[in-house]
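Here's the structure we're looking at; comments come further down.
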Amino acid sequence: MTGTATTDTGTGAGTGAGALLRSWRERRGMSQLQLALAADSSARHISFIETGRSRPGQELLLRLAEHLDVPVRERNSLLLAAGYAPHYTETPLDDPSLDLLREGMERLLAAHEPYPALIVDGGYRVLAANRGIALLLDGVDPELLTEPLNAMRLTLHPRGIAPRIRNLRQWRAHLLEQMERQIALVRSETVRALFEEVRAYPLPDTVDEPQDATEVFPFALPLRIEHGGRVLSFLSTIATFNTPTDVTVSELAMETFLPADPETATYLHSVMPT
């Protein structure tokens with residue numbers, strides 16, 4: 001598990017601190033008064049900051065960002081726009097200071113076997129995966145398996161896993177919606193370019209959706225994928241670190257796949273004894 005987890009921040013319009021603050025406040029649906037009360041400030045001061053009439057102190061800016069739940073990378077952008085140095089570090093994932101973190105995540109991946117699990121960064125680059133994921137990659141074009149692996153490409157490319165996903169239209173829509181939410185949250189040109197790329201992939205000729213998967217699993221949308229002449233069904237969960245103080249750590253996500261039916265669990269235990 002090596003490499004640096006990074007997501008570049010695009011520039012775009014309205015990159016001054018006041019404009020950025022107003023943009024985040026409006027995204028969160030908060031009024032200037034609500035934000036001021038939460039951050040122990042005044043609506044007048046918030047207004048002055050947003051219009052550029054006042055330069056906020058670094059401590060206040062960090063407090064406002066916290067109450068607006070601004071992503072860690074974007075908090076640094078907010079500070080830079082106000083003329084301050086970044087507050088949060090961005091440590092390469094292979095840095096010795098993150099040894100314990102890497103080891104802990106790798107133990108979690110191994111403990112989840114025989115069920116699939118992987119860790120991605122903010123650009124969906126696969127940083128680590130267990131044997132369960134490798135099992136699902138049978139038949140994927142070797143070109144897609146060269147470094148750096150990208151989870152979205154592997155899943156949606158017509159020479160990737162896509163032809164074996166039985167409910168591809170639903171699963172594809174779910175993944176595209178997930179990417180759109182991320183683009184709205186973090187100004188990443190890398191993720192936007194990836195989104196446009198995978199959205200343009202043609203649907204494989206073999207796509208087959210005989211029934212609405214939500215009728216079978218009404219509580220969550222499963223991933224239904226063919227493997228070894230059978231259909232495996234999984235429910236996906238995503239875990240991130242709580243209150244991260246490093247940009248790299250803040251963008252790590254561990255996705256785990258749980259069997260959605262007894263047949264899938266039995267099959268995975270039979271082919272991959274723990």
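Letters A, B, ... go to the chains of the structure tokens in the order shown; residues in each chain start at 1; ligands are counted from 1 in the same order.
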Per residue of stretch 15-125 of chain A within 9 Å of stretch 189-196 of chain A, what are the shortest atom pair and its distance in Å to one decimal, counting only C-alpha atoms, with rows by chain and residue number, as a tab-separated table?
residue	atom	partner	partner_atom	distance
A:Gly122	CA	A:Val191	CA	8.0
A:Gly123	CA	A:Val191	CA	5.7
A:Tyr124	CA	A:Val191	CA	8.2
Give the alpha helix (DSSP H) residues of stretch 74-266 of chain A, as assigned by DSSP on the backbone, as an NGL selection string. :A and (74-81 or 99-112 or 131-136 or 151-156 or 168-185 or 189-199 or 213-216 or 247-250 or 262-266)
Contacts of stretch 226-268 of chain A with stretch 135-159 of chain A up to 12 Å, shortest pair per row, only C-alpha atoms, as CSV:
residue,atom,partner,partner_atom,distance
A:Glu226,CA,A:Leu136,CA,8.8
A:His227,CA,A:Leu136,CA,7.2
A:Gly228,CA,A:Asp138,CA,9.3
A:Val231,CA,A:Leu136,CA,11.4
A:Leu232,CA,A:Leu136,CA,9.8
A:Ser233,CA,A:Leu136,CA,11.7
A:Phe234,CA,A:Leu136,CA,11.5
A:Ala253,CA,A:Ala151,CA,11.7
A:Met254,CA,A:Ala151,CA,11.8
A:Glu255,CA,A:Ala151,CA,10.5
A:Phe257,CA,A:Leu136,CA,11.3
A:Tyr267,CA,A:Leu135,CA,11.7
A:Leu268,CA,A:Leu135,CA,9.3
Considering only strand (DSSP E or B) as DSSP defines it on the backbone, what residues of stretch 83-240 of chain A qualify? List them as a list in words.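 Taking stretch 83-240 of chain A and keeping strand (DSSP E or B) gives Thr89, Ala117, Leu118, Ile119, Val120, Arg125, Val126, Leu127, Ala128, Ala129, Asn150, Ile165, Leu223, Arg224, Ile225, Glu226, His227, Arg230, Val231, Leu232, Ser233, Phe234, Leu235, Ser236, Thr237, Ile238 and Ala239 of chain A.
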Coordinates-based distance that separates atom CA of A:Leu221 from atom CA of A:Ala173 (Å, one decimal):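 Separating atom CA of A:Ala173 from atom CA of A:Leu221 is a distance of 11.0 Å.
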Residue among A:Val70, A:Ile119, A:Leu78, A:Ala111 lying closest to A:Thr237, counting only C-alpha atoms: A:Ile119
Could you state the separation of atom CA of A:Thr245 and atom CA of A:Leu93 in Å, given to one decimal place?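 That distance, rounded to one decimal, is 14.0 Å.
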Return the single residue from A:Pro71, A:Pro56, A:Met105, A:Leu80 that is closest to A:Ala184, with distances computed using only C-alpha atoms.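 Closest residue, counting only C-alpha atoms: A:Pro71.
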Within 10 Å of A:Leu61, counting only C-alpha atoms, which residues qualify if same-chain residues fewer than 2 places away don't, as a ChimeraX atom specification? /A:17,21,39,49,55-59,63-66,75,78-79,82
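Note that atom CA of A:Thr264 and atom CA of A:Glu113 are 13.0 Å apart.
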